[in-house]
Each structure stands twice: as structure tokens, then as C-alpha cells.
Amino acid sequence: MPELPEVETTARGLRERVLGHTIVEIGALDWPRMAPNATLELLAESAVGRRIESIARRGKYVVVGLSGDTYLVLHRKMSGNLVLRTVDLPAVPHTHLTVTFDDGWRLDFVDPRKFGRIYLFMGRDALDAFLNERLGPEPLEIARPEFDRRLEQRRGRLKSLLLDQGFLAGIGNLYADEILWEARLHPERSVDSLKPRERGRLLDAIQQVLADAIERRGTSFSDYVDAQGEPGTNQEYLRVYGRAGLPCTRANCGKPIVRRVVAQRGTWLCPTCQTLPR
Ligand SMILES: [Zn+2]
């Protein structure tokens, strides 16, 4: 599933290409459940003729700001991709939304598993209410005092905490495992047992792992490609995710990575570097 670094990479790619352009056509909308808060007709009517004024990311959502204080919000869920093509190229199979711009480019939402969603909001307040109801702060923007304050309100295991979009927005299964390896913390560690030094390591790891992955244009482990249709390179740098049986890459470790199920998710860790205190 695309997580914060993949969505950020997509948003940057879209911004380069479509900012300032006007939507001339919305097409291929054939799956009503894609649009939970609008009809497909209303979506098309509301977007055509409007100019793209901003493209932002919040958590795993791409937020497209249109003229007239109108917003389209896209979530790719499991396997959706947002890819730019020129209009002379036909849409590939499983395209469930096309947005055509006035300069001969088109944005295709390709989603074989049909979990992706598109929302329409009229006005900034409606948009903010939707996002803030679902999402905690951005992990790359949070400072230590606020991080500590939020940790103190939480119980449970670290892995579940990192997956909770209401704690921090944008982290999913892959980056949660990479972050916990980097911080040398066990995924089943209880949140309230963290010492101040470990909290600091956790926040540093969150910000480092995500920033590095953005720099590498995301992880293309299965389906993900960026807005230009290109894979990212972060999969070459993974430390634990998908690496069961391979040696831990931390200096002086080299012990095999193991896979467990934590928080109902496949979870990879180094049992030597990430121990549970007695
Ligand atoms: Zn290790």
C-alpha cells in the first residue's frame, strides 16, 4: 500500500505537471463506490472548468485544490496509482477516473482492486473537518514536546500505535517496521514503557526513515509507480520488511530477520537488535 513517501512523491510529480492548468474533462468514472461523498455526475460537474491551484499531501491523501474553493481528495488504498499520460495514449485497463487538462495531459487513476477513493469538498472548512477527524499531525513536522505529549495519552503496542493514523498521519505497515528497526525498538513493546531516550530514538527514526524514502522517491515493493509511471528506489534500502531469513544489516549484528504477526499485520524485525525488556 502506498504510504507517506509514495504519496508525497506522487503529489510532487503532479504539482510539476498540472499546477495552473484547467480541467477540461472527467471520464472513465464507472465505479460509484469510489466516490463516498458525491455522485459521479456531481464530481464531474464540479471539477470541469476549474483550475488546479494547489496539490498537497496530508497523510496518505493527495489533496487537489481547485479554483472556487473546491477540493478533490484522492486515496489510493491498496494498489491504486495516479499516473500522468498524454491524451493520445489510451487509458490502461482498470482505470476508474481520468482527469484531462487543457495542455493535452491526462491524470489516470488506475486501481485494479477498486479500493481507491475520491472525495469532493466544497470549501476549506469541509475539507479540514474531514482530514482532521481522521488524521493526527504530520510526522515530518511534529516536534519532540508535542510527540511526547501524544505518546503519554497512548497505551498498547508500538506497532499498533505507528499504524494508527490518528496518532501520526501517513505511516503504514512497511515504514512502521523500518522505523522500529532503525529505533531498535520491538514492535510489541508497550508504549507506556518507553524511556525518554527511547522516545527520542523513535521520533528520530520516524523522521529519518520517511525523509530518506522521499529522497528515494518511495518504495516500489509491488504495484507503486510515481506520477510519471516510474518506480521508486527505496526497496533497495529496506532493512527488515520482506527480509525474513536474510541477515540484519546493522554493523556487528548479521543475525537473521524474522517475520511475526503483530497487530494482525505481517511484521519483520531483528530479534537481536529489537529486544523486549523483561
Ligand atoms: Zn540486528
# chains A, B, ... in the order shown; residues from 1 in each chain; ligands from 1

call {"tool": "select_by_dssp", "arguments": {"residues": "range 26-225 of chain A", "states": "alpha helix (DSSP H)", "output": "ChimeraX atom specification"}}
result
/A:40-47,124-134,144-152,158-163,173-182,196-215

call {"tool": "closest_atom_pairs", "arguments": {"of": "chain A", "to": "ligand 1", "cutoff": "10 Å", "atoms": "only C-alpha atoms and all ligand atoms", "output": "Markdown table"}}
result
| residue | atom | partner | partner_atom_place_in_ligand_line | distance |
| --- | --- | --- | --- | --- |
| A:Trp181 | CA | ligand 1 | 1 (Zn) | 8.1 |
| A:Glu182 | CA | ligand 1 | 1 (Zn) | 9.8 |
| A:Arg184 | CA | ligand 1 | 1 (Zn) | 8.5 |
| A:Arg239 | CA | ligand 1 | 1 (Zn) | 9.3 |
| A:Val240 | CA | ligand 1 | 1 (Zn) | 9.3 |
| A:Pro247 | CA | ligand 1 | 1 (Zn) | 7.7 |
| A:Cys248 | CA | ligand 1 | 1 (Zn) | 4.5 |
| A:Thr249 | CA | ligand 1 | 1 (Zn) | 6.6 |
| A:Arg250 | CA | ligand 1 | 1 (Zn) | 5.5 |
| A:Ala251 | CA | ligand 1 | 1 (Zn) | 8.1 |
| A:Asn252 | CA | ligand 1 | 1 (Zn) | 8.0 |
| A:Cys253 | CA | ligand 1 | 1 (Zn) | 4.7 |
| A:Gly254 | CA | ligand 1 | 1 (Zn) | 6.0 |
| A:Lys255 | CA | ligand 1 | 1 (Zn) | 5.7 |
| A:Pro256 | CA | ligand 1 | 1 (Zn) | 7.6 |
| A:Ile257 | CA | ligand 1 | 1 (Zn) | 7.4 |
| A:Leu269 | CA | ligand 1 | 1 (Zn) | 8.1 |
| A:Cys270 | CA | ligand 1 | 1 (Zn) | 4.7 |
| A:Pro271 | CA | ligand 1 | 1 (Zn) | 6.8 |
| A:Thr272 | CA | ligand 1 | 1 (Zn) | 5.0 |
| A:Cys273 | CA | ligand 1 | 1 (Zn) | 4.2 |
| A:Gln274 | CA | ligand 1 | 1 (Zn) | 7.2 |
| A:Thr275 | CA | ligand 1 | 1 (Zn) | 9.8 |

call {"tool": "closest_residue", "arguments": {"among": "A:Leu131, A:Ala244, A:Leu97, A:Leu120", "to": "Trp31 in chain A", "atoms": "only C-alpha atoms"}}
result
A:Leu97

call {"tool": "select_by_dssp", "arguments": {"residues": "range 90-196 of chain A", "states": "strand (DSSP E or B)", "output": "PyMOL selection string"}}
result
chain A and resi 95-101+105-110+117-122+157+190

call {"tool": "write_last_selection", "arguments": {"atoms": "N, CA, C and O atoms", "output": "PDB file, in the first residue's frame"}}
result
ATOM      1  N   THR A  95      -8.626   1.531 -15.243  1.00  0.00           N
ATOM      2  CA  THR A  95      -8.640   2.972 -14.986  1.00  0.00           C
ATOM      3  C   THR A  95     -10.068   3.359 -14.601  1.00  0.00           C
ATOM      4  O   THR A  95     -11.003   3.115 -15.365  1.00  0.00           O
ATOM      5  N   HIS A  96     -10.236   3.938 -13.398  1.00  0.00           N
ATOM      6  CA  HIS A  96     -11.580   4.262 -12.920  1.00  0.00           C
ATOM      7  C   HIS A  96     -11.814   5.761 -12.785  1.00  0.00           C
ATOM      8  O   HIS A  96     -12.826   6.184 -12.229  1.00  0.00           O
ATOM      9  N   LEU A  97     -10.872   6.546 -13.228  1.00  0.00           N
ATOM     10  CA  LEU A  97     -11.060   8.001 -13.257  1.00  0.00           C
ATOM     11  C   LEU A  97     -10.003   8.563 -14.197  1.00  0.00           C
ATOM     12  O   LEU A  97      -8.835   8.172 -14.113  1.00  0.00           O
ATOM     13  N   THR A  98     -10.410   9.446 -15.090  1.00  0.00           N
ATOM     14  CA  THR A  98      -9.429  10.192 -15.880  1.00  0.00           C
ATOM     15  C   THR A  98      -9.743  11.676 -15.721  1.00  0.00           C
ATOM     16  O   THR A  98     -10.910  12.074 -15.737  1.00  0.00           O
ATOM     17  N   VAL A  99      -8.703  12.475 -15.540  1.00  0.00           N
ATOM     18  CA  VAL A  99      -8.851  13.923 -15.439  1.00  0.00           C
ATOM     19  C   VAL A  99      -8.011  14.516 -16.564  1.00  0.00           C
ATOM     20  O   VAL A  99      -6.783  14.397 -16.556  1.00  0.00           O
ATOM     21  N   THR A 100      -8.677  15.129 -17.535  1.00  0.00           N
ATOM     22  CA  THR A 100      -7.951  15.682 -18.684  1.00  0.00           C
ATOM     23  C   THR A 100      -7.753  17.181 -18.493  1.00  0.00           C
ATOM     24  O   THR A 100      -8.686  17.887 -18.079  1.00  0.00           O
ATOM     25  N   PHE A 101      -6.536  17.633 -18.784  1.00  0.00           N
ATOM     26  CA  PHE A 101      -6.179  19.041 -18.606  1.00  0.00           C
ATOM     27  C   PHE A 101      -6.106  19.757 -19.949  1.00  0.00           C
ATOM     28  O   PHE A 101      -6.023  19.116 -21.009  1.00  0.00           O
ATOM     29  N   TRP A 105      -2.487  16.828 -21.386  1.00  0.00           N
ATOM     30  CA  TRP A 105      -2.110  15.760 -20.436  1.00  0.00           C
ATOM     31  C   TRP A 105      -3.348  15.272 -19.704  1.00  0.00           C
ATOM     32  O   TRP A 105      -4.346  15.993 -19.577  1.00  0.00           O
ATOM     33  N   ARG A 106      -3.264  14.037 -19.220  1.00  0.00           N
ATOM     34  CA  ARG A 106      -4.390  13.423 -18.532  1.00  0.00           C
ATOM     35  C   ARG A 106      -3.857  12.669 -17.314  1.00  0.00           C
ATOM     36  O   ARG A 106      -2.804  12.023 -17.379  1.00  0.00           O
ATOM     37  N   LEU A 107      -4.594  12.751 -16.209  1.00  0.00           N
ATOM     38  CA  LEU A 107      -4.259  12.008 -14.996  1.00  0.00           C
ATOM     39  C   LEU A 107      -5.178  10.796 -14.919  1.00  0.00           C
ATOM     40  O   LEU A 107      -6.397  10.942 -14.925  1.00  0.00           O
ATOM     41  N   ASP A 108      -4.591   9.605 -14.880  1.00  0.00           N
ATOM     42  CA  ASP A 108      -5.379   8.367 -14.799  1.00  0.00           C
ATOM     43  C   ASP A 108      -5.252   7.752 -13.407  1.00  0.00           C
ATOM     44  O   ASP A 108      -4.138   7.581 -12.899  1.00  0.00           O
ATOM     45  N   PHE A 109      -6.384   7.431 -12.819  1.00  0.00           N
ATOM     46  CA  PHE A 109      -6.405   6.714 -11.537  1.00  0.00           C
ATOM     47  C   PHE A 109      -6.613   5.243 -11.884  1.00  0.00           C
ATOM     48  O   PHE A 109      -7.705   4.832 -12.255  1.00  0.00           O
ATOM     49  N   VAL A 110      -5.529   4.472 -11.789  1.00  0.00           N
ATOM     50  CA  VAL A 110      -5.534   3.064 -12.178  1.00  0.00           C
ATOM     51  C   VAL A 110      -5.599   2.236 -10.895  1.00  0.00           C
ATOM     52  O   VAL A 110      -4.730   2.362 -10.036  1.00  0.00           O
ATOM     53  N   ARG A 117     -10.278   5.721  -3.387  1.00  0.00           N
ATOM     54  CA  ARG A 117     -11.424   6.591  -3.165  1.00  0.00           C
ATOM     55  C   ARG A 117     -11.129   8.007  -3.641  1.00  0.00           C
ATOM     56  O   ARG A 117      -9.988   8.462  -3.595  1.00  0.00           O
ATOM     57  N   ILE A 118     -12.202   8.704  -4.060  1.00  0.00           N
ATOM     58  CA  ILE A 118     -12.099  10.126  -4.383  1.00  0.00           C
ATOM     59  C   ILE A 118     -13.241  10.861  -3.680  1.00  0.00           C
ATOM     60  O   ILE A 118     -14.388  10.404  -3.697  1.00  0.00           O
ATOM     61  N   TYR A 119     -12.882  11.945  -3.020  1.00  0.00           N
ATOM     62  CA  TYR A 119     -13.861  12.743  -2.276  1.00  0.00           C
ATOM     63  C   TYR A 119     -13.923  14.138  -2.887  1.00  0.00           C
ATOM     64  O   TYR A 119     -12.928  14.646  -3.407  1.00  0.00           O
ATOM     65  N   LEU A 120     -15.089  14.750  -2.767  1.00  0.00           N
ATOM     66  CA  LEU A 120     -15.284  16.123  -3.244  1.00  0.00           C
ATOM     67  C   LEU A 120     -15.668  16.999  -2.054  1.00  0.00           C
ATOM     68  O   LEU A 120     -16.564  16.624  -1.278  1.00  0.00           O
ATOM     69  N   PHE A 121     -15.004  18.131  -1.906  1.00  0.00           N
ATOM     70  CA  PHE A 121     -15.360  19.071  -0.839  1.00  0.00           C
ATOM     71  C   PHE A 121     -15.540  20.464  -1.408  1.00  0.00           C
ATOM     72  O   PHE A 121     -14.703  20.935  -2.167  1.00  0.00           O
ATOM     73  N   MET A 122     -16.640  21.087  -1.019  1.00  0.00           N
ATOM     74  CA  MET A 122     -16.881  22.469  -1.389  1.00  0.00           C
ATOM     75  C   MET A 122     -16.508  23.300  -0.162  1.00  0.00           C
ATOM     76  O   MET A 122     -17.234  23.303   0.825  1.00  0.00           O
ATOM     77  N   ARG A 157       0.693  -1.373  22.005  1.00  0.00           N
ATOM     78  CA  ARG A 157       1.989  -1.760  21.441  1.00  0.00           C
ATOM     79  C   ARG A 157       2.449  -0.748  20.398  1.00  0.00           C
ATOM     80  O   ARG A 157       1.645  -0.145  19.695  1.00  0.00           O
ATOM     81  N   SER A 190       5.411  -2.061  24.828  1.00  0.00           N
ATOM     82  CA  SER A 190       4.258  -1.244  25.218  1.00  0.00           C
ATOM     83  C   SER A 190       4.667   0.232  25.229  1.00  0.00           C
ATOM     84  O   SER A 190       5.777   0.593  25.654  1.00  0.00           O
TER      85      SER A 190
END

call {"tool": "decode", "arguments": {"residues": "range 121-135 of chain A", "atoms": "N, CA and C atoms", "output": "short mmCIF file (atom, residue, chain, number, x, y, z; two decimals), in the first residue's frame"}}
result
data_model
loop_
_atom_site.label_atom_id
_atom_site.label_comp_id
_atom_site.auth_asym_id
_atom_site.auth_seq_id
_atom_site.Cartn_x
_atom_site.Cartn_y
_atom_site.Cartn_z
N PHE A 121 -15.00 18.13 -1.91
CA PHE A 121 -15.36 19.07 -0.84
C PHE A 121 -15.54 20.46 -1.41
N MET A 122 -16.64 21.09 -1.02
CA MET A 122 -16.88 22.47 -1.39
C MET A 122 -16.51 23.30 -0.16
N GLY A 123 -15.34 23.96 -0.22
CA GLY A 123 -14.93 24.81 0.88
C GLY A 123 -13.87 24.16 1.76
N ARG A 124 -12.97 25.02 2.21
CA ARG A 124 -11.83 24.61 3.04
C ARG A 124 -12.27 24.00 4.38
N ASP A 125 -13.35 24.53 4.95
CA ASP A 125 -13.78 24.05 6.26
C ASP A 125 -14.23 22.59 6.18
N ALA A 126 -14.95 22.25 5.12
CA ALA A 126 -15.41 20.86 4.95
C ALA A 126 -14.22 19.94 4.75
N LEU A 127 -13.23 20.41 3.97
CA LEU A 127 -12.01 19.62 3.75
C LEU A 127 -11.27 19.39 5.07
N ASP A 128 -11.05 20.48 5.82
CA ASP A 128 -10.29 20.36 7.08
C ASP A 128 -11.01 19.47 8.08
N ALA A 129 -12.33 19.58 8.14
CA ALA A 129 -13.10 18.75 9.07
C ALA A 129 -12.90 17.28 8.74
N PHE A 130 -12.94 16.95 7.46
CA PHE A 130 -12.76 15.56 7.02
C PHE A 130 -11.36 15.05 7.39
N LEU A 131 -10.33 15.84 7.08
CA LEU A 131 -8.95 15.39 7.31
C LEU A 131 -8.63 15.33 8.80
N ASN A 132 -9.04 16.35 9.54
CA ASN A 132 -8.66 16.41 10.95
C ASN A 132 -9.40 15.37 11.79
N GLU A 133 -10.55 14.94 11.32
CA GLU A 133 -11.29 13.89 12.02
C GLU A 133 -10.54 12.55 11.92
N ARG A 134 -9.80 12.37 10.84
CA ARG A 134 -9.15 11.08 10.59
C ARG A 134 -7.66 11.05 10.93
N LEU A 135 -7.01 12.20 10.91
CA LEU A 135 -5.55 12.21 10.90
C LEU A 135 -4.95 13.00 12.05
#
